[in-house]
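Enquirer: Pasting my_file.cif below, which is mmCIF, C-alpha atoms and all ligand atoms.
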```cif
data_entry
loop_
_atom_site.label_atom_id
_atom_site.label_comp_id
_atom_site.auth_asym_id
_atom_site.auth_seq_id
_atom_site.Cartn_x
_atom_site.Cartn_y
_atom_site.Cartn_z
CA MET A 1 -13.86 9.15 -0.15
CA GLN A 2 -11.70 7.23 2.32
CA SER A 3 -12.36 3.50 2.31
CA ILE A 4 -12.93 2.01 5.75
CA ALA A 5 -10.94 -1.04 4.70
CA GLY A 6 -7.78 1.03 4.38
CA PRO A 7 -5.87 3.30 2.08
CA ASP A 8 -6.68 3.38 -1.60
CA VAL A 9 -4.23 1.28 -3.63
CA PRO A 10 -3.47 2.24 -7.26
CA THR A 11 -5.26 -0.13 -9.64
CA GLN A 12 -3.59 -2.29 -12.24
CA ARG A 13 -3.99 -1.09 -15.88
CA PRO A 14 -5.04 -3.75 -18.44
CA ASP A 15 -1.68 -3.70 -20.32
CA ASP A 16 0.51 -3.86 -17.24
CA PRO A 17 2.45 -7.10 -16.67
CA PRO A 18 0.98 -9.29 -13.92
CA VAL A 19 2.09 -8.29 -10.43
CA ASP A 20 2.99 -10.78 -7.75
CA GLU A 21 0.80 -9.26 -5.02
CA THR A 22 2.78 -11.01 -2.28
CA LEU A 23 5.92 -9.03 -3.25
CA ARG A 24 4.20 -5.67 -3.50
CA PRO A 25 4.49 -3.52 -0.40
CA PRO A 26 1.12 -2.09 0.57
CA LEU A 27 0.49 1.62 0.10
CA VAL A 28 0.11 2.91 3.61
CA LYS A 29 -1.09 6.23 4.99
CA PHE A 30 -0.41 6.72 8.67
CA HIS A 31 -2.01 9.58 10.54
CA ALA A 32 -1.18 10.82 14.02
CA PRO A 33 -1.42 14.04 16.01
CA GLU A 34 1.59 15.80 17.49
CA VAL A 35 2.25 13.80 20.67
CA VAL A 36 3.60 15.25 23.91
CA PHE A 37 4.25 12.42 26.36
CA GLY A 38 5.70 12.15 29.85
CA LEU A 39 5.35 12.87 33.55
CA GLY A 40 4.54 16.56 33.98
CA SER A 41 3.58 17.11 30.35
CA LEU A 42 0.30 18.75 31.43
CA GLY A 43 2.51 21.81 31.94
CA GLU A 44 2.77 22.05 28.14
CA ALA A 45 -0.98 22.63 27.73
CA GLY A 46 -0.97 26.46 27.73
CA PHE A 47 1.81 26.72 25.20
CA SER A 48 0.24 24.02 23.00
CA ALA A 49 -3.21 25.65 23.03
CA ALA A 50 -1.73 29.06 22.24
CA ARG A 51 0.16 27.52 19.33
CA LEU A 52 -3.17 26.23 17.98
CA GLY A 53 -4.44 29.82 17.98
CA ALA A 54 -6.43 29.70 21.20
CA ARG A 55 -7.45 32.83 23.04
CA ARG A 56 -10.73 31.58 24.46
CA PRO A 57 -10.57 27.77 24.40
CA MET A 58 -13.39 25.57 25.68
CA VAL A 59 -12.20 22.96 28.19
CA VAL A 60 -14.49 19.91 27.98
CA THR A 61 -14.22 17.84 31.16
CA ASP A 62 -16.42 16.11 33.74
CA PRO A 63 -17.10 16.20 37.49
CA GLY A 64 -14.86 13.21 38.30
CA VAL A 65 -11.84 14.79 36.62
CA ILE A 66 -12.54 18.14 38.28
CA GLU A 67 -12.77 16.47 41.70
CA ALA A 68 -9.43 14.76 41.09
CA GLY A 69 -7.89 18.25 40.78
CA TRP A 70 -6.67 18.02 37.20
CA CYS A 71 -8.91 20.76 35.83
CA ASP A 72 -7.60 23.34 38.30
CA GLU A 73 -4.06 22.43 37.38
CA LEU A 74 -4.86 22.77 33.66
CA LEU A 75 -6.56 26.14 34.17
CA GLY A 76 -3.42 27.38 35.91
CA HIS A 77 -1.31 26.41 32.90
CA LEU A 78 -3.77 28.07 30.49
CA ALA A 79 -3.79 31.26 32.56
CA GLY A 80 0.02 31.17 32.45
CA SER A 81 -0.25 31.47 28.66
CA ARG A 82 -2.73 34.37 29.06
CA LEU A 83 -5.69 32.34 27.77
CA THR A 84 -9.22 32.84 29.13
CA PRO A 85 -10.90 29.43 28.91
CA VAL A 86 -14.54 28.44 29.35
CA VAL A 87 -15.07 25.17 31.26
CA TRP A 88 -17.85 22.80 30.19
CA SER A 89 -18.24 19.85 32.54
CA ASP A 90 -21.73 18.44 31.87
CA VAL A 91 -20.38 15.30 30.21
CA THR A 92 -21.40 11.84 31.42
CA PRO A 93 -19.73 8.51 30.58
CA ASN A 94 -20.79 7.31 27.10
CA PRO A 95 -21.44 10.95 26.09
CA LYS A 96 -24.98 11.71 25.00
CA ASP A 97 -26.15 13.53 21.86
CA HIS A 98 -27.93 16.28 23.87
CA GLU A 99 -24.83 16.93 26.02
CA ILE A 100 -22.85 17.68 22.89
CA HIS A 101 -25.53 20.03 21.55
CA ALA A 102 -25.67 21.88 24.88
CA ALA A 103 -21.88 22.24 24.94
CA TYR A 104 -21.90 23.51 21.36
CA GLU A 105 -24.45 26.22 22.22
CA ARG A 106 -22.17 27.43 24.98
CA TYR A 107 -19.15 27.25 22.66
CA VAL A 108 -20.91 29.62 20.24
CA GLU A 109 -22.28 31.96 22.95
CA GLU A 110 -18.82 32.38 24.45
CA GLY A 111 -17.04 32.87 21.13
CA CYS A 112 -14.66 29.97 21.75
CA ASP A 113 -11.92 29.11 19.28
CA VAL A 114 -10.18 25.84 20.27
CA LEU A 115 -11.39 22.67 22.02
CA ILE A 116 -9.37 21.20 24.87
CA ALA A 117 -10.58 17.86 26.25
CA LEU A 118 -9.41 16.83 29.71
CA GLY A 119 -10.66 13.41 30.75
CA GLY A 120 -11.36 9.91 29.53
CA GLY A 121 -12.76 8.89 26.16
CA SER A 122 -16.13 10.43 27.04
CA CYS A 123 -14.78 13.99 27.42
CA ILE A 124 -12.56 13.58 24.37
CA ASP A 125 -15.45 12.37 22.21
CA ALA A 126 -17.74 15.11 23.54
CA ALA A 127 -15.12 17.71 22.54
CA LYS A 128 -14.82 16.16 19.07
CA GLY A 129 -18.62 16.32 18.80
CA VAL A 130 -18.62 20.05 19.59
CA ALA A 131 -15.91 20.57 16.99
CA ILE A 132 -17.93 18.69 14.35
CA LEU A 133 -20.98 20.87 14.99
CA SER A 134 -18.89 24.02 15.01
CA GLY A 135 -17.43 23.32 11.59
CA ASN A 136 -20.41 21.59 9.95
CA GLY A 137 -23.68 22.49 11.73
CA GLY A 138 -26.71 20.20 11.92
CA GLN A 139 -27.27 17.37 14.41
CA ILE A 140 -24.42 15.29 15.77
CA LEU A 141 -26.22 12.02 14.93
CA ASP A 142 -26.24 13.04 11.23
CA TYR A 143 -22.52 12.30 11.10
CA GLY A 144 -22.62 8.59 12.04
CA GLY A 145 -20.59 6.65 9.45
CA VAL A 146 -17.38 7.24 7.53
CA ASP A 147 -16.13 10.64 6.30
CA LEU A 148 -19.42 12.53 6.65
CA VAL A 149 -17.61 15.40 8.38
CA ALA A 150 -16.80 17.31 5.21
CA LYS A 151 -15.83 20.79 6.42
CA PRO A 152 -12.81 21.72 8.57
CA ILE A 153 -13.26 21.69 12.34
CA PRO A 154 -11.64 23.86 15.06
CA PRO A 155 -8.26 22.79 16.50
CA LEU A 156 -8.33 19.94 19.04
CA LEU A 157 -5.98 19.55 22.02
CA MET A 158 -6.61 16.27 23.85
CA ILE A 159 -5.42 15.37 27.34
CA PRO A 160 -6.40 11.81 28.33
CA SER A 161 -6.89 10.92 32.00
CA THR A 162 -7.45 7.17 31.47
CA SER A 163 -5.26 4.42 29.94
CA GLY A 164 -6.97 4.10 27.69
CA THR A 165 -9.29 4.65 24.90
CA GLY A 166 -6.75 6.16 22.50
CA ALA A 167 -9.45 8.69 21.59
CA ASP A 168 -6.80 11.42 22.00
CA VAL A 169 -5.08 10.22 18.81
CA SER A 170 -7.95 8.56 16.96
CA GLN A 171 -10.18 9.47 14.02
CA PHE A 172 -13.22 8.13 15.94
CA CYS A 173 -15.95 9.86 17.93
CA ILE A 174 -18.48 7.64 19.71
CA VAL A 175 -21.78 9.24 20.74
CA THR A 176 -24.88 7.79 22.43
CA ASP A 177 -28.09 8.22 20.45
CA THR A 178 -30.41 8.62 23.44
CA ALA A 179 -33.63 8.13 21.47
CA ARG A 180 -32.56 4.69 20.26
CA SER A 181 -30.20 3.77 23.16
CA VAL A 182 -27.37 2.88 20.79
CA LYS A 183 -23.89 4.29 20.32
CA ILE A 184 -23.05 5.64 16.91
CA THR A 185 -19.56 5.71 15.44
CA ILE A 186 -18.42 8.85 13.64
CA MET A 187 -15.22 8.22 11.76
CA GLY A 188 -12.98 10.22 9.46
CA ARG A 189 -9.52 11.70 9.20
CA ALA A 190 -10.98 15.14 9.85
CA LEU A 191 -11.34 14.04 13.49
CA VAL A 192 -7.67 13.23 14.14
CA PRO A 193 -6.72 15.70 16.92
CA ASP A 194 -3.97 18.26 16.43
CA ILE A 195 -2.12 17.70 19.70
CA SER A 196 -2.30 14.91 22.29
CA ILE A 197 -0.73 15.50 25.70
CA THR A 198 -0.34 12.33 27.74
CA ASP A 199 0.75 12.94 31.32
CA PRO A 200 0.83 9.60 33.19
CA ARG A 201 0.40 11.43 36.52
CA LEU A 202 -3.29 11.87 35.69
CA LEU A 203 -3.83 8.11 35.78
CA VAL A 204 -3.11 7.81 39.50
CA THR A 205 -6.53 9.14 40.55
CA MET A 206 -8.48 6.66 38.42
CA PRO A 207 -10.64 4.32 40.49
CA GLU A 208 -9.47 0.72 40.24
CA TRP A 209 -12.42 -0.45 38.12
CA LEU A 210 -11.73 2.29 35.55
CA ASN A 211 -8.04 1.42 35.40
CA ALA A 212 -8.97 -2.23 34.76
CA ALA A 213 -11.63 -1.33 32.20
CA THR A 214 -9.52 1.08 30.19
CA GLY A 215 -6.51 -1.25 30.32
CA LEU A 216 -8.64 -3.98 28.74
CA ASP A 217 -9.90 -1.47 26.19
CA ALA A 218 -6.29 -0.77 25.17
CA LEU A 219 -5.61 -4.52 24.96
CA THR A 220 -8.70 -4.95 22.76
CA HIS A 221 -7.51 -2.12 20.49
CA GLY A 222 -4.12 -3.80 20.13
CA ILE A 223 -5.52 -7.24 19.31
CA GLU A 224 -8.38 -6.11 17.05
CA SER A 225 -6.24 -3.72 15.03
CA PHE A 226 -3.50 -6.34 14.55
CA VAL A 227 -5.93 -8.83 13.01
CA SER A 228 -8.03 -6.18 11.22
CA LEU A 229 -8.52 -6.39 7.46
CA ALA A 230 -6.98 -2.90 7.29
CA HIS A 231 -3.86 -3.76 9.30
CA ASN A 232 -0.54 -2.58 7.89
CA PRO A 233 3.11 -2.80 8.91
CA LEU A 234 3.23 0.71 10.42
CA ALA A 235 0.23 0.08 12.63
CA ASP A 236 1.21 -3.52 13.49
CA ILE A 237 4.24 -2.38 15.48
CA HIS A 238 2.10 -0.19 17.68
CA ALA A 239 -0.52 -2.91 18.11
CA LEU A 240 1.91 -5.57 19.30
CA ASN A 241 3.74 -3.14 21.55
CA ALA A 242 0.45 -2.18 23.19
CA VAL A 243 -0.48 -5.83 23.78
CA GLY A 244 2.88 -6.49 25.46
CA LEU A 245 2.75 -3.36 27.62
CA VAL A 246 -0.76 -4.07 28.93
CA CYS A 247 0.09 -7.68 29.78
CA GLN A 248 3.27 -6.62 31.59
CA ASN A 249 1.94 -3.61 33.48
CA LEU A 250 -1.82 -3.59 34.08
CA ARG A 251 -1.62 -5.92 37.10
CA THR A 252 1.14 -3.79 38.65
CA THR A 253 -0.94 -0.62 38.39
CA ILE A 254 -3.64 -2.36 40.40
CA LEU A 255 -1.32 -3.88 43.00
CA ARG A 256 0.84 -0.74 43.37
CA PRO A 257 -1.31 2.15 42.06
CA THR A 258 1.21 4.92 42.72
CA GLU A 259 4.14 3.27 40.96
CA GLU A 260 5.07 5.75 38.23
CA GLY A 261 6.91 3.29 35.99
CA ALA A 262 3.93 0.99 35.42
CA ARG A 263 1.57 3.96 34.99
CA SER A 264 3.85 5.41 32.32
CA LYS A 265 3.92 2.06 30.54
CA MET A 266 0.12 1.84 30.61
CA ALA A 267 -0.10 5.40 29.28
CA GLN A 268 2.21 4.34 26.46
CA ALA A 269 0.13 1.20 25.87
CA SER A 270 -2.94 3.37 25.43
CA LEU A 271 -1.09 5.63 23.00
CA ASN A 272 0.39 2.73 21.00
CA ALA A 273 -2.99 1.01 20.83
CA GLY A 274 -4.65 4.25 19.75
CA LEU A 275 -2.14 4.80 16.95
CA ALA A 276 -2.70 1.21 15.84
CA PHE A 277 -6.48 1.23 15.72
CA THR A 278 -6.94 4.70 14.30
CA ASN A 279 -4.94 3.52 11.30
CA ALA A 280 -5.98 -0.15 11.10
CA ILE A 281 -9.53 0.17 12.51
CA LEU A 282 -11.12 -2.44 14.78
CA GLY A 283 -13.43 -5.45 14.59
CA ALA A 284 -16.36 -7.41 15.97
CA THR A 285 -15.57 -6.85 19.67
CA HIS A 286 -16.05 -3.12 19.31
CA ALA A 287 -19.02 -3.47 16.94
CA MET A 288 -20.78 -5.64 19.56
CA SER A 289 -19.58 -3.67 22.57
CA HIS A 290 -20.94 -0.37 21.24
CA GLN A 291 -24.45 -1.86 21.17
CA VAL A 292 -24.26 -3.22 24.72
CA GLY A 293 -22.74 0.03 26.01
CA GLY A 294 -25.44 2.07 24.28
CA MET A 295 -28.29 -0.04 25.62
CA LEU A 296 -27.14 -0.24 29.24
CA ASP A 297 -24.77 2.76 29.62
CA LEU A 298 -21.96 0.44 30.78
CA PRO A 299 -18.18 1.05 30.98
CA HIS A 300 -16.85 0.43 27.47
CA GLY A 301 -13.67 -1.41 28.52
CA VAL A 302 -15.53 -3.83 30.80
CA VAL A 303 -17.85 -4.89 27.98
CA ASN A 304 -14.85 -5.33 25.66
CA GLY A 305 -13.07 -7.45 28.27
CA VAL A 306 -16.02 -9.83 28.48
CA LEU A 307 -16.53 -10.09 24.69
CA LEU A 308 -12.92 -10.23 23.50
CA PRO A 309 -12.10 -13.92 24.21
CA HIS A 310 -15.22 -15.01 22.30
CA VAL A 311 -14.37 -12.88 19.27
CA ILE A 312 -10.77 -14.16 19.35
CA ARG A 313 -12.03 -17.76 19.15
CA PHE A 314 -14.44 -16.86 16.32
CA ASN A 315 -11.82 -15.05 14.22
CA GLY A 316 -9.05 -17.47 15.13
CA ALA A 317 -11.05 -20.48 13.90
CA GLU A 318 -10.64 -19.16 10.35
CA LEU A 319 -7.45 -17.07 10.58
CA PRO A 320 -5.27 -18.50 13.33
CA GLU A 321 -1.85 -17.32 12.02
CA ARG A 322 -2.22 -13.67 13.01
CA PHE A 323 -2.69 -14.75 16.62
CA VAL A 324 0.79 -16.28 16.88
CA PRO A 325 2.63 -12.90 17.10
CA ILE A 326 -0.04 -11.71 19.52
CA ALA A 327 0.59 -14.73 21.76
CA GLN A 328 4.32 -13.98 21.64
CA ALA A 329 3.74 -10.31 22.50
CA MET A 330 1.70 -11.49 25.49
CA GLY A 331 4.69 -13.52 26.66
CA LEU A 332 3.06 -16.91 25.95
CA ASP A 333 5.35 -19.73 24.90
CA VAL A 334 3.88 -20.90 21.60
CA VAL A 335 7.12 -21.80 19.82
CA GLY A 336 6.45 -24.87 17.67
CA ALA A 337 2.76 -24.98 18.62
CA PRO A 338 0.13 -25.03 15.86
CA PRO A 339 -1.51 -21.61 15.29
CA ASP A 340 -4.91 -22.75 16.56
CA GLU A 341 -3.30 -23.52 19.91
CA ALA A 342 -1.96 -19.95 19.99
CA VAL A 343 -5.53 -18.72 19.41
CA GLU A 344 -6.83 -20.65 22.40
CA ARG A 345 -3.90 -19.57 24.59
CA VAL A 346 -4.52 -15.89 23.71
CA ALA A 347 -8.27 -16.21 24.45
CA GLU A 348 -7.52 -17.90 27.80
CA ALA A 349 -4.89 -15.31 28.73
CA VAL A 350 -7.29 -12.44 28.03
CA ARG A 351 -9.94 -14.09 30.20
CA ALA A 352 -7.40 -14.75 32.97
CA LEU A 353 -6.31 -11.10 32.94
CA GLY A 354 -9.99 -10.10 33.12
CA ASP A 355 -10.43 -12.36 36.16
CA GLU A 356 -7.38 -10.88 37.87
CA VAL A 357 -8.49 -7.29 37.40
CA GLY A 358 -12.08 -7.98 38.38
CA VAL A 359 -14.03 -8.01 35.11
CA PRO A 360 -17.22 -10.15 35.24
CA ARG A 361 -17.17 -13.44 33.35
CA GLY A 362 -20.39 -12.86 31.44
CA LEU A 363 -22.63 -10.14 30.02
CA GLY A 364 -25.49 -11.47 32.18
CA ALA A 365 -23.73 -10.04 35.25
CA LEU A 366 -23.79 -6.65 33.50
CA GLY A 367 -27.55 -6.76 32.92
CA VAL A 368 -27.80 -8.21 29.39
CA ARG A 369 -30.70 -10.68 28.99
CA ALA A 370 -31.05 -13.51 26.46
CA GLU A 371 -34.02 -11.70 24.88
CA ASP A 372 -31.80 -8.65 24.15
CA ILE A 373 -29.49 -10.66 21.89
CA PRO A 374 -31.44 -10.51 18.58
CA ARG A 375 -31.71 -6.69 18.71
CA LEU A 376 -28.09 -6.24 19.82
CA SER A 377 -26.97 -8.54 16.99
CA GLU A 378 -28.96 -6.71 14.32
CA LEU A 379 -27.50 -3.39 15.45
CA THR A 380 -23.97 -4.84 15.45
CA LEU A 381 -24.20 -5.51 11.72
CA SER A 382 -24.46 -1.80 10.92
CA ASP A 383 -21.55 -0.69 13.16
CA ALA A 384 -18.62 0.69 11.14
CA CYS A 385 -16.13 -1.39 13.16
CA LEU A 386 -17.52 -4.68 11.82
CA THR A 387 -16.39 -3.81 8.29
CA THR A 388 -12.76 -4.57 9.11
CA ASN A 389 -13.32 -7.70 11.18
CA PRO A 390 -11.07 -10.32 9.56
CA ARG A 391 -13.77 -12.97 9.31
CA GLN A 392 -17.08 -12.47 7.50
CA THR A 393 -19.68 -12.16 10.23
CA SER A 394 -23.39 -12.94 9.82
CA VAL A 395 -26.14 -12.02 12.24
CA GLU A 396 -26.20 -15.68 13.35
CA ASP A 397 -22.47 -15.52 14.08
CA VAL A 398 -22.94 -12.41 16.22
CA MET A 399 -25.85 -14.01 18.06
CA ALA A 400 -23.75 -17.10 18.76
CA MET A 401 -20.94 -14.95 20.19
CA PHE A 402 -23.37 -12.96 22.35
CA ARG A 403 -24.87 -16.22 23.65
CA ALA A 404 -21.44 -17.63 24.45
CA ALA A 405 -20.56 -14.38 26.26
CA LEU A 406 -23.79 -14.22 28.26
N1 LIG A 501 -13.06 7.92 20.18
C1 LIG A 501 -12.41 6.79 20.33
O1 LIG A 501 -11.48 6.49 19.57
C2 LIG A 501 -12.78 5.87 21.43
C3 LIG A 501 -12.10 4.66 21.61
C4 LIG A 501 -12.48 3.84 22.66
C5 LIG A 501 -13.50 4.22 23.52
N2 LIG A 501 -14.16 5.41 23.30
C6 LIG A 501 -15.25 5.85 24.16
O2 LIG A 501 -14.69 6.34 25.38
C7 LIG A 501 -15.68 6.24 26.42
C8 LIG A 501 -15.06 5.61 27.65
O3 LIG A 501 -14.02 6.41 28.10
P1 LIG A 501 -13.15 6.00 29.38
O4 LIG A 501 -13.22 4.55 29.56
O5 LIG A 501 -11.81 6.64 29.22
O6 LIG A 501 -13.91 6.63 30.62
P2 LIG A 501 -14.90 7.87 30.76
O7 LIG A 501 -14.36 9.06 30.04
O8 LIG A 501 -16.27 7.42 30.38
O9 LIG A 501 -14.85 8.19 32.32
C9 LIG A 501 -15.47 7.32 33.26
C10 LIG A 501 -15.49 7.98 34.63
O10 LIG A 501 -14.16 8.05 35.14
C11 LIG A 501 -13.87 9.35 35.65
N3 LIG A 501 -12.43 9.60 35.43
C12 LIG A 501 -11.79 9.65 34.25
N4 LIG A 501 -10.47 9.84 34.45
C13 LIG A 501 -10.29 9.96 35.78
C14 LIG A 501 -9.13 10.18 36.60
N5 LIG A 501 -7.89 10.28 36.09
N6 LIG A 501 -9.32 10.27 37.93
C15 LIG A 501 -10.56 10.13 38.48
N7 LIG A 501 -11.67 9.90 37.75
C16 LIG A 501 -11.54 9.81 36.41
C17 LIG A 501 -14.78 10.28 34.91
O11 LIG A 501 -15.05 11.40 35.72
C18 LIG A 501 -16.01 9.42 34.67
O12 LIG A 501 -16.92 9.52 35.73
C19 LIG A 501 -16.81 5.43 25.84
O13 LIG A 501 -17.88 6.27 25.48
C20 LIG A 501 -16.20 4.79 24.61
O14 LIG A 501 -17.15 4.47 23.61
C21 LIG A 501 -13.81 6.24 22.30
FE FE A 502 -12.38 0.86 22.64
#
```
For this file, write the structure as structure tokens.
Ligand SMILES: NC(=O)c1ccc[n+]([C@@H]2O[C@H](COP(=O)([O-])OP(=O)(O)OC[C@H]3O[C@@H](n4cnc5c(N)ncnc54)[C@H](O)[C@@H]3O)[C@@H](O)[C@H]2O)c1
Ligand SMILES: [Fe+2]

Expert:
Amino acid sequence: MQSIAGPDVPTQRPDDPPVDETLRPPLVKFHAPEVVFGLGSLGEAGFSAARLGARRPMVVTDPGVIEAGWCDELLGHLAGSRLTPVVWSDVTPNPKDHEIHAAYERYVEEGCDVLIALGGGSCIDAAKGVAILSGNGGQILDYGGVDLVAKPIPPLLMIPSTSGTGADVSQFCIVTDTARSVKITIMGRALVPDISITDPRLLVTMPEWLNAATGLDALTHGIESFVSLAHNPLADIHALNAVGLVCQNLRTTILRPTEEGARSKMAQASLNAGLAFTNAILGATHAMSHQVGGMLDLPHGVVNGVLLPHVIRFNGAELPERFVPIAQAMGLDVVGAPPDEAVERVAEAVRALGDEVGVPRGLGALGVRAEDIPRLSELTLSDACLTTNPRQTSVEDVMAMFRAAL
């Protein structure tokens, strides 16, 4: 079974000479889909789906993406490869368990063979959910946790329209348990998509709030994966690159939404951040954010943006050194400064970026009440993302962070 804390490392035999652990390079496994990236790359979709064996693919999308015109364009490309797709568009943000079951029923009725997601993280996760049911049966909520998807799943072609969740390259699938109003995390290498097509043109139709939210999500992925217990040198490069790209380009995409250069950089930030966190996993910000998002059906990136500075201060109080390269990637001048100063500068810079792009300062403005904090904190402790947070986190610690973020 895959350990959430990272790849398995060969153990030392009793007779072996002592090993200086600091000199031993870590054993690293790095997973990633085939990536097609660039302006106009949506045109590759028909060929890519056909290569995955599609004849009757299911396109999982939502009304906002259809209205923006991207679904029609995709269907044209699929028709060009002589495919006869079925479109499923009953997905809502923070995809719900029953939506995935309904989509799966249709997938079976229509005899579909490949899943194509076109949309933000919600459509991508809904498509992964259908694939899990197709290969493994049962209820989608049965798969919450690590590596519970044991049987192979149908091929996945992912086309993100936000920048970004990184769900198009990740081994995660986040589903709302509607009975309990919480989001569950399904995780495992079986969920890494086969092909990801990132066409930055799709980002231009995002509303401004979504651009801001998903940009902060990508920033959170970069920072949390870089300090994660499961971080490794291959993932670190992607994490730091993502942090730099978001800090250099998110503001521009809001000030000049049609500028292709900045959109392409944000698309790359999303991709880099996704490659980082799918390999290095995440931390307390996501563990806490999933609970808030599940309870109030809120935009994931907005909740992350509010929580992130508080988690940075909590983790940085014990492990400040990892925040120095992050500060440098953000363009902050921390040369010669003590690491704890870098921690505070990073936390302040994240908050300042949130202010600039219009993210509320506290969870209270999003509808969280003080009396919700004990339940949210209890639920946080069982989220898979907390396992790799670099600092041991008790329920009291989580409550203190929620209170500070209120
Ligand atoms: N699986 C993972 O690895 C992972 C990682 C992070 C977040 N997530 C999940 O992703 C979800 C959030 O996804 P999201 O933030 O990308 O947004 P989303 O998919 O929830 O979409 C939000 C809204 O934006 C609209 N929209 C999306 N792209 C658009 C475009 N280009 N033009 C116009 N409208 C557009 C949609 O129609 C929808 O109404 C959450 O459920 C979160 O938990 C998953
Ligand atoms: Fe996220």

Enquirer: List all protein, DNA and RNA residues that have at least one atom no more than 8 Å from any atom of ligand FE 502 (chain A), counting all atoms listed in the file, and write them as a list of chain:residue names.

Expert: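 These are the residues that qualify: A:Thr165, A:Gly166, A:Asp217, A:Ala218, A:Thr220, A:His221, A:His286, A:His300, A:Gly301, A:Asn304.
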
Enquirer: Counting all atoms listed in the file, I want the residues whose atoms come within 12 Å of (-12.5, 19.9, 5.1) in the file frame, returned as a count of residues only.

Expert: 15

Enquirer: Could you list, as a PDB file with C-alpha atoms, keeping the file's coordinate frame, all residues that come within 8 Å of ligand LIG 501 (chain A)? Count all atoms listed in the file.

Expert:
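Writing the result to out-v8.pdb gives the following:
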```pdb
ATOM      1  CA  THR A  61     -14.220  17.840  31.160  1.00  0.00           C
ATOM      2  CA  ASP A  62     -16.420  16.110  33.740  1.00  0.00           C
ATOM      3  CA  PRO A  63     -17.100  16.200  37.490  1.00  0.00           C
ATOM      4  CA  GLY A  64     -14.860  13.210  38.300  1.00  0.00           C
ATOM      5  CA  VAL A  65     -11.840  14.790  36.620  1.00  0.00           C
ATOM      6  CA  ILE A  66     -12.540  18.140  38.280  1.00  0.00           C
ATOM      7  CA  GLU A  67     -12.770  16.470  41.700  1.00  0.00           C
ATOM      8  CA  ALA A  68      -9.430  14.760  41.090  1.00  0.00           C
ATOM      9  CA  TRP A  70      -6.670  18.020  37.200  1.00  0.00           C
ATOM     10  CA  THR A  92     -21.400  11.840  31.420  1.00  0.00           C
ATOM     11  CA  PRO A  93     -19.730   8.510  30.580  1.00  0.00           C
ATOM     12  CA  ASN A  94     -20.790   7.310  27.100  1.00  0.00           C
ATOM     13  CA  PRO A  95     -21.440  10.950  26.090  1.00  0.00           C
ATOM     14  CA  GLY A 119     -10.660  13.410  30.750  1.00  0.00           C
ATOM     15  CA  GLY A 120     -11.360   9.910  29.530  1.00  0.00           C
ATOM     16  CA  GLY A 121     -12.760   8.890  26.160  1.00  0.00           C
ATOM     17  CA  SER A 122     -16.130  10.430  27.040  1.00  0.00           C
ATOM     18  CA  CYS A 123     -14.780  13.990  27.420  1.00  0.00           C
ATOM     19  CA  ILE A 124     -12.560  13.580  24.370  1.00  0.00           C
ATOM     20  CA  ASP A 125     -15.450  12.370  22.210  1.00  0.00           C
ATOM     21  CA  PRO A 160      -6.400  11.810  28.330  1.00  0.00           C
ATOM     22  CA  SER A 161      -6.890  10.920  32.000  1.00  0.00           C
ATOM     23  CA  THR A 162      -7.450   7.170  31.470  1.00  0.00           C
ATOM     24  CA  SER A 163      -5.260   4.420  29.940  1.00  0.00           C
ATOM     25  CA  GLY A 164      -6.970   4.100  27.690  1.00  0.00           C
ATOM     26  CA  THR A 165      -9.290   4.650  24.900  1.00  0.00           C
ATOM     27  CA  GLY A 166      -6.750   6.160  22.500  1.00  0.00           C
ATOM     28  CA  ALA A 167      -9.450   8.690  21.590  1.00  0.00           C
ATOM     29  CA  ASP A 168      -6.800  11.420  22.000  1.00  0.00           C
ATOM     30  CA  VAL A 169      -5.080  10.220  18.810  1.00  0.00           C
ATOM     31  CA  SER A 170      -7.950   8.560  16.960  1.00  0.00           C
ATOM     32  CA  GLN A 171     -10.180   9.470  14.020  1.00  0.00           C
ATOM     33  CA  PHE A 172     -13.220   8.130  15.940  1.00  0.00           C
ATOM     34  CA  CYS A 173     -15.950   9.860  17.930  1.00  0.00           C
ATOM     35  CA  ILE A 174     -18.480   7.640  19.710  1.00  0.00           C
ATOM     36  CA  VAL A 175     -21.780   9.240  20.740  1.00  0.00           C
ATOM     37  CA  THR A 176     -24.880   7.790  22.430  1.00  0.00           C
ATOM     38  CA  LYS A 183     -23.890   4.290  20.320  1.00  0.00           C
ATOM     39  CA  LEU A 202      -3.290  11.870  35.690  1.00  0.00           C
ATOM     40  CA  LEU A 203      -3.830   8.110  35.780  1.00  0.00           C
ATOM     41  CA  VAL A 204      -3.110   7.810  39.500  1.00  0.00           C
ATOM     42  CA  THR A 205      -6.530   9.140  40.550  1.00  0.00           C
ATOM     43  CA  MET A 206      -8.480   6.660  38.420  1.00  0.00           C
ATOM     44  CA  PRO A 207     -10.640   4.320  40.490  1.00  0.00           C
ATOM     45  CA  LEU A 210     -11.730   2.290  35.550  1.00  0.00           C
ATOM     46  CA  ALA A 213     -11.630  -1.330  32.200  1.00  0.00           C
ATOM     47  CA  THR A 214      -9.520   1.080  30.190  1.00  0.00           C
ATOM     48  CA  ASP A 217      -9.900  -1.470  26.190  1.00  0.00           C
ATOM     49  CA  GLY A 274      -4.650   4.250  19.750  1.00  0.00           C
ATOM     50  CA  THR A 278      -6.940   4.700  14.300  1.00  0.00           C
ATOM     51  CA  HIS A 290     -20.940  -0.370  21.240  1.00  0.00           C
ATOM     52  CA  GLY A 293     -22.740   0.030  26.010  1.00  0.00           C
ATOM     53  CA  PRO A 299     -18.180   1.050  30.980  1.00  0.00           C
ATOM     54  CA  HIS A 300     -16.850   0.430  27.470  1.00  0.00           C
ATOM     55  CA  GLY A 301     -13.670  -1.410  28.520  1.00  0.00           C
TER      56      GLY A 301
END
```
